[in-house]
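Structure file entry20.cif (mmCIF, C-alpha atoms and all ligand atoms) is printed below.
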data_work
loop_
_atom_site.label_atom_id
_atom_site.label_comp_id
_atom_site.auth_asym_id
_atom_site.auth_seq_id
_atom_site.Cartn_x
_atom_site.Cartn_y
_atom_site.Cartn_z
CA MET A 124 113.76 146.57 129.39
CA ARG A 125 115.02 143.93 126.96
CA SER A 126 112.25 141.58 125.82
CA PRO A 127 112.60 138.08 127.28
CA ILE A 128 111.13 136.47 124.14
CA PRO A 129 114.31 136.28 121.98
CA ASP A 130 116.16 134.80 124.97
CA TYR A 131 113.40 132.25 125.39
CA LEU A 132 113.67 131.31 121.67
CA LEU A 133 117.44 130.85 122.01
CA GLU A 134 116.87 128.60 124.97
CA VAL A 135 114.32 126.59 122.95
CA LEU A 136 116.85 126.10 120.13
CA ASP A 137 119.42 125.05 122.67
CA SER A 138 117.20 122.49 124.33
CA CYS A 139 115.87 121.03 121.03
CA GLY A 140 119.20 120.83 119.21
CA ALA A 141 120.13 117.16 119.67
CA ASP A 142 120.99 115.47 116.36
CA ALA A 143 118.64 112.97 114.76
CA GLY A 144 117.33 112.13 111.31
CA ALA A 145 118.88 112.72 107.90
CA VAL A 146 118.68 115.41 105.23
CA ALA A 147 116.49 114.63 102.21
CA ASP A 148 118.60 113.10 99.48
CA TYR A 149 116.10 112.39 96.71
CA ILE A 150 116.58 115.94 95.46
CA PRO A 151 120.34 116.39 94.83
CA GLU A 152 120.35 120.06 95.90
CA LEU A 153 118.77 119.21 99.25
CA ALA A 154 121.34 116.50 99.93
CA ALA A 155 123.95 119.27 99.94
CA ALA A 156 122.20 121.29 102.69
CA ASN A 157 124.15 122.11 105.84
CA PRO A 158 122.49 119.79 108.39
CA GLU A 159 123.54 121.94 111.34
CA ARG A 160 121.37 124.92 110.42
CA PHE A 161 118.76 125.71 113.04
CA GLY A 162 116.58 128.80 113.11
CA ILE A 163 113.24 130.00 114.38
CA CYS A 164 111.01 132.99 113.84
CA VAL A 165 107.73 133.92 115.51
CA ALA A 166 105.58 136.70 114.00
CA THR A 167 102.55 137.97 115.88
CA VAL A 168 99.33 139.05 114.17
CA ASP A 169 100.07 142.64 115.09
CA GLY A 170 103.42 142.56 113.35
CA ALA A 171 106.01 141.91 116.08
CA VAL A 172 108.76 139.57 114.89
CA TYR A 173 111.09 137.53 117.12
CA ALA A 174 113.90 135.49 115.65
CA ALA A 175 116.76 133.32 116.85
CA GLY A 176 119.49 131.18 115.27
CA ASP A 177 119.57 130.83 111.48
CA ALA A 178 116.31 132.72 110.97
CA ASP A 179 117.60 134.58 107.89
CA VAL A 180 119.19 131.65 106.08
CA GLU A 181 117.32 130.94 102.85
CA PHE A 182 116.15 127.52 101.68
CA THR A 183 113.55 126.20 99.26
CA ILE A 184 109.98 126.30 100.46
CA GLN A 185 109.12 122.77 99.19
CA SER A 186 105.84 121.43 100.59
CA MET A 187 105.30 124.47 102.80
CA SER A 188 104.21 126.03 99.50
CA LYS A 189 101.14 123.78 99.39
CA PRO A 190 98.84 125.67 101.79
CA PHE A 191 99.63 128.97 100.06
CA THR A 192 98.99 127.68 96.55
CA TYR A 193 95.81 126.10 97.88
CA ALA A 194 94.85 129.54 99.26
CA LEU A 195 95.42 131.17 95.86
CA ALA A 196 93.42 128.48 94.04
CA LEU A 197 90.61 128.84 96.61
CA ALA A 198 90.63 132.60 96.07
CA ASP A 199 90.43 132.05 92.30
CA ARG A 200 87.87 129.22 92.20
CA GLY A 201 85.95 129.60 95.44
CA VAL A 202 85.75 127.03 98.22
CA ALA A 203 82.96 125.04 96.53
CA GLY A 204 84.79 125.11 93.20
CA MET A 205 87.90 123.63 94.80
CA ASP A 206 85.96 121.08 96.84
CA GLU A 207 84.67 119.56 93.60
CA ARG A 208 88.22 118.94 92.45
CA VAL A 209 90.40 118.35 95.52
CA GLY A 210 89.24 116.55 98.67
CA VAL A 211 89.72 117.58 102.27
CA GLU A 212 90.19 114.18 103.92
CA PRO A 213 93.48 113.18 105.56
CA SER A 214 94.97 110.43 103.44
CA GLY A 215 96.98 108.84 106.25
CA GLU A 216 99.62 108.32 103.58
CA ALA A 217 103.07 109.68 102.85
CA PHE A 218 103.34 113.00 101.02
CA ASN A 219 104.39 111.38 97.76
CA GLU A 220 101.89 108.52 97.73
CA ILE A 221 100.36 108.03 94.31
CA SER A 222 96.80 108.16 95.54
CA LEU A 223 93.39 109.21 94.32
CA ASP A 224 90.09 108.60 96.05
CA PRO A 225 88.70 105.52 94.26
CA GLU A 226 85.12 106.77 94.52
CA THR A 227 85.54 110.35 93.36
CA GLY A 228 88.78 110.13 91.39
CA ARG A 229 89.93 113.26 93.22
CA PRO A 230 93.18 113.61 95.15
CA ARG A 231 92.38 113.24 98.86
CA ASN A 232 93.71 116.64 99.89
CA ALA A 233 95.86 119.55 98.75
CA MET A 234 98.72 118.86 101.18
CA ILE A 235 99.90 115.61 99.56
CA ASN A 236 101.65 115.80 96.20
CA ALA A 237 98.74 114.44 94.15
CA GLY A 238 96.46 117.21 95.45
CA ALA A 239 99.16 119.86 95.33
CA LEU A 240 99.89 119.14 91.66
CA LEU A 241 96.22 119.48 90.75
CA THR A 242 95.91 122.57 92.96
CA HIS A 243 98.81 124.23 91.15
CA SER A 244 97.00 123.68 87.86
CA LEU A 245 93.89 125.39 89.27
CA VAL A 246 95.52 128.72 90.07
CA ASP A 247 94.38 131.43 87.64
CA GLY A 248 96.60 131.97 84.61
CA GLU A 249 96.13 131.41 80.92
CA ASP A 250 99.27 129.27 80.60
CA ALA A 251 101.93 127.59 82.72
CA ALA A 252 104.11 130.71 82.89
CA ALA A 253 101.19 132.87 84.06
CA ARG A 254 100.30 130.35 86.78
CA SER A 255 103.90 130.26 88.02
CA GLN A 256 103.93 134.04 88.01
CA ARG A 257 100.71 134.20 90.01
CA VAL A 258 102.16 131.80 92.57
CA LEU A 259 105.44 133.73 92.93
CA ALA A 260 103.66 137.10 93.15
CA GLY A 261 101.11 135.72 95.65
CA PHE A 262 103.79 134.21 97.89
CA SER A 263 105.74 137.48 97.76
CA ARG A 264 102.73 139.38 99.03
CA PHE A 265 102.21 136.87 101.85
CA ALA A 266 105.89 137.25 102.81
CA GLY A 267 105.88 141.02 102.36
CA ARG A 268 108.93 141.06 100.05
CA ASP A 269 109.85 139.92 96.53
CA LEU A 270 110.74 136.24 96.58
CA VAL A 271 112.66 134.40 93.85
CA VAL A 272 112.95 130.87 92.49
CA ASP A 273 116.19 128.97 93.11
CA GLU A 274 116.78 127.83 89.52
CA SER A 275 119.40 125.26 90.36
CA ALA A 276 117.18 123.65 93.00
CA PHE A 277 114.40 123.64 90.41
CA SER A 278 116.53 121.93 87.73
CA SER A 279 117.92 119.48 90.24
CA GLU A 280 114.44 118.34 91.30
CA PHE A 281 112.74 118.55 87.90
CA ALA A 282 115.41 116.36 86.28
CA SER A 283 114.44 113.52 88.61
CA ALA A 284 110.74 114.24 89.23
CA HIS A 285 109.63 110.87 87.88
CA ARG A 286 107.30 110.13 90.73
CA ASN A 287 105.52 113.49 90.47
CA LEU A 288 105.37 113.07 86.69
CA GLY A 289 103.78 109.66 87.21
CA MET A 290 101.20 111.24 89.49
CA ALA A 291 100.43 114.05 87.05
CA HIS A 292 99.93 111.55 84.24
CA LEU A 293 97.58 109.58 86.48
CA LEU A 294 95.62 112.77 87.24
CA LYS A 295 95.40 113.42 83.50
CA ALA A 296 94.35 109.82 82.76
CA SER A 297 91.61 109.96 85.38
CA GLY A 298 90.24 113.11 83.79
CA VAL A 299 90.72 115.50 86.69
CA LEU A 300 93.73 117.40 85.31
CA GLU A 301 92.91 119.74 82.46
CA CYS A 302 96.37 120.95 81.43
CA ASP A 303 99.49 119.23 80.29
CA PRO A 304 100.94 116.94 83.01
CA VAL A 305 104.58 117.82 82.33
CA GLU A 306 103.82 121.54 82.47
CA VAL A 307 102.08 121.06 85.81
CA VAL A 308 105.01 119.18 87.34
CA GLU A 309 107.31 121.91 86.04
CA GLY A 310 105.17 124.65 87.60
CA TYR A 311 104.76 122.74 90.87
CA THR A 312 108.52 122.07 91.11
CA ARG A 313 109.16 125.76 90.46
CA GLN A 314 106.68 126.58 93.24
CA CYS A 315 108.59 124.24 95.61
CA SER A 316 111.88 125.95 94.62
CA ILE A 317 110.90 129.44 95.77
CA THR A 318 113.44 130.45 98.41
CA VAL A 319 112.40 131.74 101.80
CA SER A 320 113.83 132.26 105.27
CA CYS A 321 112.18 131.49 108.61
CA ARG A 322 111.38 135.19 108.78
CA ASP A 323 109.49 135.03 105.45
CA LEU A 324 107.67 131.86 106.42
CA ALA A 325 106.66 133.22 109.83
CA MET A 326 105.17 136.28 108.07
CA MET A 327 103.33 134.09 105.56
CA ALA A 328 101.95 131.95 108.39
CA ALA A 329 101.07 135.06 110.41
CA THR A 330 99.02 136.29 107.45
CA LEU A 331 96.94 133.12 107.80
CA ALA A 332 96.82 133.49 111.59
CA ASN A 333 95.65 137.07 111.06
CA ALA A 334 92.65 135.88 108.99
CA GLY A 335 94.21 136.88 105.67
CA THR A 336 95.48 140.38 106.40
CA HIS A 337 99.26 140.82 106.29
CA PRO A 338 100.36 141.88 109.79
CA LEU A 339 102.80 144.53 108.55
CA THR A 340 101.53 145.77 105.18
CA GLN A 341 97.92 145.56 106.44
CA GLU A 342 96.93 144.38 102.96
CA ARG A 343 93.91 142.07 102.94
CA LEU A 344 95.26 139.18 100.87
CA LEU A 345 92.77 136.40 101.55
CA SER A 346 89.16 136.24 102.65
CA ARG A 347 88.17 134.67 105.97
CA PRO A 348 86.43 131.64 104.38
CA VAL A 349 89.57 130.88 102.35
CA VAL A 350 91.81 131.15 105.42
CA ARG A 351 89.48 128.94 107.42
CA GLN A 352 89.56 126.29 104.70
CA VAL A 353 93.36 126.40 104.37
CA MET A 354 93.98 126.18 108.11
CA SER A 355 91.46 123.37 108.52
CA VAL A 356 93.22 121.32 105.87
CA MET A 357 96.63 122.17 107.40
CA MET A 358 95.31 120.95 110.74
CA THR A 359 93.98 117.64 109.45
CA CYS A 360 96.38 116.88 106.60
CA GLY A 361 99.42 119.17 106.91
CA MET A 362 101.63 116.63 108.67
CA TYR A 363 100.67 113.74 106.36
CA ASP A 364 100.70 110.34 108.06
CA ALA A 365 101.72 111.95 111.38
CA ALA A 366 98.61 114.19 111.45
CA GLY A 367 97.06 112.48 114.49
CA ASP A 368 100.24 112.64 116.57
CA TRP A 369 100.65 116.27 115.57
CA MET A 370 97.08 117.13 116.50
CA THR A 371 97.37 115.57 119.95
CA ASP A 372 100.93 116.66 120.76
CA VAL A 373 101.07 120.11 119.16
CA GLY A 374 97.58 121.16 118.07
CA ILE A 375 98.61 123.94 115.67
CA PRO A 376 97.66 123.99 111.94
CA ALA A 377 100.99 123.31 110.29
CA LYS A 378 102.92 122.22 107.24
CA SER A 379 106.37 120.76 106.83
CA GLY A 380 108.68 120.63 103.82
CA VAL A 381 111.57 118.31 102.90
CA SER A 382 114.02 121.20 102.97
CA GLY A 383 113.63 121.06 106.77
CA GLY A 384 111.16 123.83 107.46
CA VAL A 385 107.99 123.55 109.52
CA ILE A 386 105.43 126.33 109.68
CA GLY A 387 102.51 126.73 112.04
CA ALA A 388 99.69 129.28 112.05
CA LEU A 389 97.84 129.71 115.33
CA PRO A 390 94.55 131.51 114.61
CA GLY A 391 94.47 135.00 116.05
CA GLN A 392 97.91 134.72 117.60
CA VAL A 393 101.09 133.93 115.71
CA GLY A 394 102.83 132.49 112.68
CA VAL A 395 105.83 130.33 113.54
CA ALA A 396 108.58 128.93 111.31
CA VAL A 397 111.41 126.60 112.26
CA PHE A 398 114.23 125.39 110.00
CA SER A 399 116.55 122.46 110.51
CA PRO A 400 117.28 120.12 107.58
CA ARG A 401 117.47 116.68 109.17
CA LEU A 402 114.17 114.83 108.63
CA ASP A 403 112.18 112.09 110.31
CA THR A 404 110.57 109.21 108.43
CA HIS A 405 107.52 111.34 107.49
CA GLY A 406 109.75 113.90 105.78
CA SER A 407 109.41 116.52 108.55
CA SER A 408 112.27 118.25 110.34
CA VAL A 409 113.16 116.35 113.53
CA ARG A 410 114.19 119.47 115.43
CA GLY A 411 111.32 121.42 113.86
CA VAL A 412 108.76 118.99 115.28
CA ARG A 413 110.53 119.06 118.65
CA VAL A 414 110.45 122.87 118.77
CA PHE A 415 106.73 122.94 118.00
CA GLU A 416 106.06 120.41 120.76
CA ARG A 417 107.98 122.60 123.17
CA LEU A 418 106.32 125.88 122.07
CA SER A 419 102.85 124.37 122.19
CA GLY A 420 103.42 123.14 125.75
CA ASP A 421 105.20 126.21 127.11
CA MET A 422 103.02 128.82 125.49
CA GLY A 423 99.62 127.14 125.73
CA MET A 424 99.32 127.10 121.93
CA HIS A 425 97.36 123.86 121.54
CA LEU A 426 94.09 124.70 119.77
CA MET A 427 92.19 122.29 121.98
CA ASP A 428 93.46 124.01 125.11
CA VAL A 429 90.07 125.60 125.25
CA ALA A 430 89.79 129.22 126.27
CA GLN A 431 87.23 129.83 129.01
CA GLU A 432 85.64 132.38 126.74
CA GLY A 433 82.02 131.77 127.69
CA ARG A 434 82.59 132.20 131.36
CA SER A 435 84.61 135.37 131.07
CA ALA A 436 82.49 137.31 128.58
CA LEU A 437 80.21 138.83 131.21
CA ARG A 438 82.44 140.82 133.51
CA GLY A 439 79.59 141.68 135.83
CA SER A 440 76.35 143.56 136.21
CA TYR A 441 75.28 146.26 138.63
CA VAL A 442 72.68 148.95 139.18
CA SER A 443 74.07 152.46 138.94
CA GLU A 444 73.55 154.82 141.86
CA GLY A 445 71.17 157.78 141.86
CA GLU A 446 67.49 158.13 141.26
CA ASP A 447 67.68 157.48 137.52
CA ALA A 448 69.23 154.09 138.10
CA VAL A 449 70.32 151.89 135.18
CA THR A 450 71.12 148.18 135.21
CA VAL A 451 74.49 147.85 133.51
CA TYR A 452 75.81 144.64 131.92
CA GLU A 453 79.55 144.86 131.49
CA MET A 454 81.04 142.61 128.83
CA GLN A 455 84.61 141.87 127.90
CA GLY A 456 86.89 140.17 125.39
CA ASP A 457 86.01 138.39 122.19
CA LEU A 458 82.25 137.75 122.01
CA ARG A 459 81.19 134.69 120.09
CA PHE A 460 78.23 132.40 120.66
CA SER A 461 79.16 131.06 124.10
CA GLY A 462 80.22 134.47 125.42
CA ALA A 463 77.11 136.20 124.12
CA GLU A 464 74.99 133.37 125.49
CA THR A 465 76.18 134.07 129.05
CA VAL A 466 75.15 137.70 128.61
CA VAL A 467 71.79 136.82 127.06
CA ARG A 468 71.12 134.31 129.84
CA ALA A 469 71.97 136.78 132.59
CA ILE A 470 69.64 139.38 131.05
CA ALA A 471 66.85 136.87 130.44
CA GLU A 472 66.99 135.56 134.01
CA ALA A 473 67.26 138.94 135.71
CA ASP A 474 64.44 140.62 137.56
CA HIS A 475 65.15 144.15 136.48
CA THR A 476 64.36 146.79 139.06
CA THR A 477 65.20 149.64 136.69
CA THR A 478 63.41 150.86 133.58
CA ARG A 479 66.68 151.42 131.82
CA VAL A 480 69.26 148.79 130.92
CA ALA A 481 72.72 149.48 129.54
CA LEU A 482 74.93 147.08 127.62
CA ASP A 483 78.52 148.11 128.25
CA LEU A 484 80.81 147.02 125.40
CA THR A 485 83.72 149.25 126.37
CA ARG A 486 85.95 146.23 127.06
CA VAL A 487 84.77 144.13 124.12
CA TYR A 488 87.58 144.06 121.59
CA ARG A 489 85.91 141.85 119.05
CA LEU A 490 82.30 141.09 118.41
CA HIS A 491 81.73 138.07 116.23
CA ASP A 492 78.71 138.31 113.95
CA VAL A 493 76.77 135.78 116.02
CA GLY A 494 77.53 137.86 119.15
CA ARG A 495 76.28 140.99 117.40
CA ARG A 496 73.02 139.36 116.30
CA MET A 497 72.38 138.00 119.80
CA LEU A 498 72.99 141.34 121.50
CA LEU A 499 70.84 143.21 118.98
CA GLU A 500 68.05 140.72 119.60
CA CYS A 501 68.44 141.39 123.35
CA VAL A 502 68.05 145.11 122.70
CA ARG A 503 64.91 144.46 120.66
CA ARG A 504 63.34 142.19 123.28
CA LEU A 505 64.19 144.48 126.20
CA GLU A 506 62.53 147.32 124.32
CA LEU A 507 59.47 145.18 123.64
CA ASP A 508 59.34 144.60 127.39
CA GLY A 509 59.13 148.39 127.77
CA ARG A 510 62.69 149.08 128.85
CA GLY A 511 64.96 151.80 127.55
CA VAL A 512 68.19 150.32 126.30
CA LEU A 513 71.48 152.16 126.06
CA VAL A 514 74.62 150.82 124.50
CA ILE A 515 77.87 152.03 126.06
CA ASP A 516 80.12 151.54 123.08
CA PRO A 517 82.80 154.18 122.52
CA GLU A 518 84.30 152.21 119.59
CA HIS A 519 80.91 151.61 117.93
CA THR A 520 81.43 147.84 117.94
CA LEU A 521 77.77 146.87 118.09
CA PRO A 522 75.97 148.80 115.36
CA PRO A 523 75.78 146.71 112.19
CA ALA A 524 77.86 148.19 109.35
CA GLY A 525 76.09 151.13 107.79
CA SER A 526 73.24 151.38 110.29
CA SER A 527 72.87 152.20 113.92
CA ASP A 528 69.19 153.01 113.44
CA GLY A 529 67.22 152.77 116.60
CA LEU A 530 70.24 152.07 118.82
CA HIS A 531 71.04 154.55 121.55
CA VAL A 532 74.80 154.47 121.60
CA VAL A 533 76.75 156.48 124.17
CA ASP A 534 80.42 156.72 125.05
CA SER A 535 80.35 156.25 128.80
CA LEU A 536 78.28 155.44 131.86
CA GLU A 537 78.39 159.12 132.88
CA GLU A 538 76.56 159.92 129.68
CA VAL A 539 73.95 157.26 130.49
CA VAL A 540 73.36 158.66 133.95
CA ALA A 541 73.25 162.20 132.61
CA ARG A 542 70.68 161.25 130.00
CA GLY A 543 67.59 161.80 132.07
CA THR A 544 65.18 161.97 129.13
CA ASP A 545 64.53 160.03 125.92
CA PRO A 546 66.02 158.41 123.96
CA GLY A 547 66.87 155.38 125.94
CA ARG A 548 64.38 156.31 128.62
CA THR A 549 60.97 154.80 128.63
CA SER A 550 58.33 155.33 131.22
CA PRO A 551 57.36 152.27 133.20
N1 LIG A 601 109.17 119.20 96.01
C1 LIG A 601 108.98 118.11 96.91
C2 LIG A 601 108.27 116.94 96.23
O1 LIG A 601 107.33 117.15 95.51
C3 LIG A 601 108.18 118.58 98.09
C4 LIG A 601 107.94 117.49 99.08
C5 LIG A 601 107.90 117.93 100.51
O2 LIG A 601 108.41 118.96 100.89
N2 LIG A 601 107.32 117.10 101.35
O3 LIG A 601 108.65 115.82 96.37
#
How would this structure read if it were set down as structure tokens?
Amino acid sequence: MRSPIPDYLLEVLDSCGADAGAVADYIPELAAANPERFGICVATVDGAVYAAGDADVEFTIQSMSKPFTYALALADRGVAGMDERVGVEPSGEAFNEISLDPETGRPRNAMINAGALLTHSLVDGEDAAARSQRVLAGFSRFAGRDLVVDESAFSSEFASAHRNLGMAHLLKASGVLECDPVEVVEGYTRQCSITVSCRDLAMMAATLANAGTHPLTQERLLSRPVVRQVMSVMMTCGMYDAAGDWMTDVGIPAKSGVSGGVIGALPGQVGVAVFSPRLDTHGSSVRGVRVFERLSGDMGMHLMDVAQEGRSALRGSYVSEGEDAVTVYEMQGDLRFSGAETVVRAIAEADHTTTRVALDLTRVYRLHDVGRRMLLECVRRLELDGRGVLVIDPEHTLPPAGSSDGLHVVDSLEEVVARGTDPGRTSP
């Protein structure tokens, strides 16, 4: 069978292709972009890649670089270290607004230029060249291939970067920027001039969606707390002064760039990149925004389209047949607080008629730490009540790393039934 997904993506491009907006012209190289280009790529967290249209055409990454540089700086300085220097509040202002929080003197967030300039300066590296190298190497690992800087795009922007230079001088004057302002604008402009395709960007976004592990190379590139911070700031600040509209209409952590790209990273699912150079008044691709609205609606990608996780975590419970009966609680899916709570509640409210209870995790594919702690506490309390507890867990999901002490883990219900004697069997 031929997958229907590429055909669906072609249809999306077709239906979102109407002309509107204008290419960015404040950077001479961007003014020369072919406005007709239109491409899309979707990369899943398990490494499947679907592309349509101009998905392999390269363009400069521009502001879509900001979340990734922020990620590198967070990895280098820690979340608390970055919070002291760059805020996390949406500014409600345009990307190039010369703005600092009057109370703290910090840029409001890392997605607007003021914050992105400071963030670039906070990436590890003993000098400007080393910082630029760290950024290029880091982005290459997120993309899964060696990326390069478009030198002519860099020169074209740097020669007229007066506004960004003004901002960097302001950051220096207010005491928040430690290095030389001109060097920082140079490094930041170089960062914005790294060339990528939709395919690269979808991979980079999928690395965020996959909690920091690259879907294809399987390299762990970022820690979970860093990814959470980056995606939170993308969600609240990534679309600048259109952040509220984006949240309500699309609901995917995202970032746009003036070259015409828009990326989105949907936690646990996909990275998406769209490219089409004509921009709206916020500096985001008109067709890019349209495509995201369409995908979010069609594919149920809005983050606030809440999964009914709690209700579906307990698949059912039953008492096994035979004289050595066991009450079995069958769980499923991704167990977080609300899911584990339904299991805990069912166990707490039950009038057990058997001396043995089994927790069946065969269908649980992910156990969040809170889910693990709650289930382990259930085991402990059931045992205090004098019941034998068995854990049906062929993948060993429940035992905490490095210790399954005291847990009676078996592979299947048959094994539970067969186990007529201790462990896991307590006399009434
Ligand atoms: N390099 C561009 C700038 O700093 C990036 C802006 C953008 O993509 N929104 O102006």
Ligand LIG 601 (chain A): which residues are within 7 Å, counting all atoms listed in the file, as a PDB file with C-alpha atoms, keeping the file's coordinate frame?
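Output contents, as saved in selection_22.pdb:
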ATOM      1  CA  GLN A 185     109.120 122.770  99.190  1.00  0.00           C
ATOM      2  CA  SER A 186     105.840 121.430 100.590  1.00  0.00           C
ATOM      3  CA  MET A 187     105.300 124.470 102.800  1.00  0.00           C
ATOM      4  CA  PHE A 218     103.340 113.000 101.020  1.00  0.00           C
ATOM      5  CA  ASN A 219     104.390 111.380  97.760  1.00  0.00           C
ATOM      6  CA  ASN A 236     101.650 115.800  96.200  1.00  0.00           C
ATOM      7  CA  ASN A 287     105.520 113.490  90.470  1.00  0.00           C
ATOM      8  CA  THR A 312     108.520 122.070  91.110  1.00  0.00           C
ATOM      9  CA  CYS A 315     108.590 124.240  95.610  1.00  0.00           C
ATOM     10  CA  SER A 379     106.370 120.760 106.830  1.00  0.00           C
ATOM     11  CA  GLY A 380     108.680 120.630 103.820  1.00  0.00           C
ATOM     12  CA  VAL A 381     111.570 118.310 102.900  1.00  0.00           C
ATOM     13  CA  SER A 382     114.020 121.200 102.970  1.00  0.00           C
ATOM     14  CA  GLY A 406     109.750 113.900 105.780  1.00  0.00           C
TER      15      GLY A 406
END
Give me the segment 124-206 of chain A side of the contact with segment 345-360 of chain A, cut-off 10 Å, one line per residue showing its nearest atom pair and distance in Å at one decimal, counting only C-alpha atoms, sorted by chain and residue number, as a Markdown table.
| residue | atom | partner | partner_atom | distance |
| --- | --- | --- | --- | --- |
| A:Lys189 | CA | A:Met357 | CA | 9.3 |
| A:Pro190 | CA | A:Val353 | CA | 6.1 |
| A:Phe191 | CA | A:Val353 | CA | 8.0 |
| A:Thr192 | CA | A:Val353 | CA | 9.7 |
| A:Tyr193 | CA | A:Val353 | CA | 6.9 |
| A:Ala194 | CA | A:Val353 | CA | 6.2 |
| A:Leu195 | CA | A:Leu345 | CA | 8.2 |
| A:Ala196 | CA | A:Val349 | CA | 9.5 |
| A:Leu197 | CA | A:Val349 | CA | 6.2 |
| A:Ala198 | CA | A:Val349 | CA | 6.6 |
| A:Gly201 | CA | A:Val349 | CA | 7.9 |
| A:Val202 | CA | A:Val349 | CA | 6.8 |
Of the residues A:Leu490, A:Leu530, A:Ala156, A:Leu437, which is the one nearest to Glu506 of chain A, using all atoms listed in the file?
->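 Going through A:Leu490, A:Leu530, A:Ala156, A:Leu437 one by one, the smallest distance to Glu506 of chain A is for A:Leu530.
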Tell me which protein, DNA and RNA residues are within 6 Å of segment 337-339 of chain A, counting all atoms listed in the file, leaving out same-chain ones fewer than 4 positions away, and put them as a ChimeraX atom specification.
-> /A:168-170,330
Using only C-alpha atoms, which residue out of A:Pro129, A:Gly144, A:Pro213, A:Pro517 lies closest to Gly176 of chain A?
-> A:Pro129
Minimum-distance residue to Ser126 of chain A, chosen among A:Ala174, A:Leu499, A:Val409, A:Val397 (using only C-alpha atoms) |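 Closest to Ser126 of chain A of all the choices is A:Ala174.
Using only C-alpha atoms, the residues found no farther than 7 Å from segment 149-152 of chain A, other than those of its own chain fewer than 4 positions away, are Ala276, Ser279 and Glu280 of chain A.
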To one decimal place, how far is atom CA of Met326 of chain A from atom CA of Ala377 of chain A in Å?
->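 Taking atom CA of Met326 of chain A as the start and atom CA of Ala377 of chain A as the end point, the length is 13.8 Å.
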Near-segment 410-426 of chain A list (7 Å; all atoms listed in the file; drop same-chain fewer than 2 positions) as JSON, numbers by chain | {"A": [135, 139, 140, 372, 373, 374, 375, 384, 385, 397, 398, 399, 408, 428, 429]}
Nearest to Glu306 of chain A, chosen from A:Lys378, A:Arg286, A:Arg503, A:Arg254, with all atoms listed in the file counted in the distances |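 Of A:Lys378, A:Arg286, A:Arg503, A:Arg254, the one nearest Glu306 of chain A is A:Arg254, counting all atoms listed in the file.
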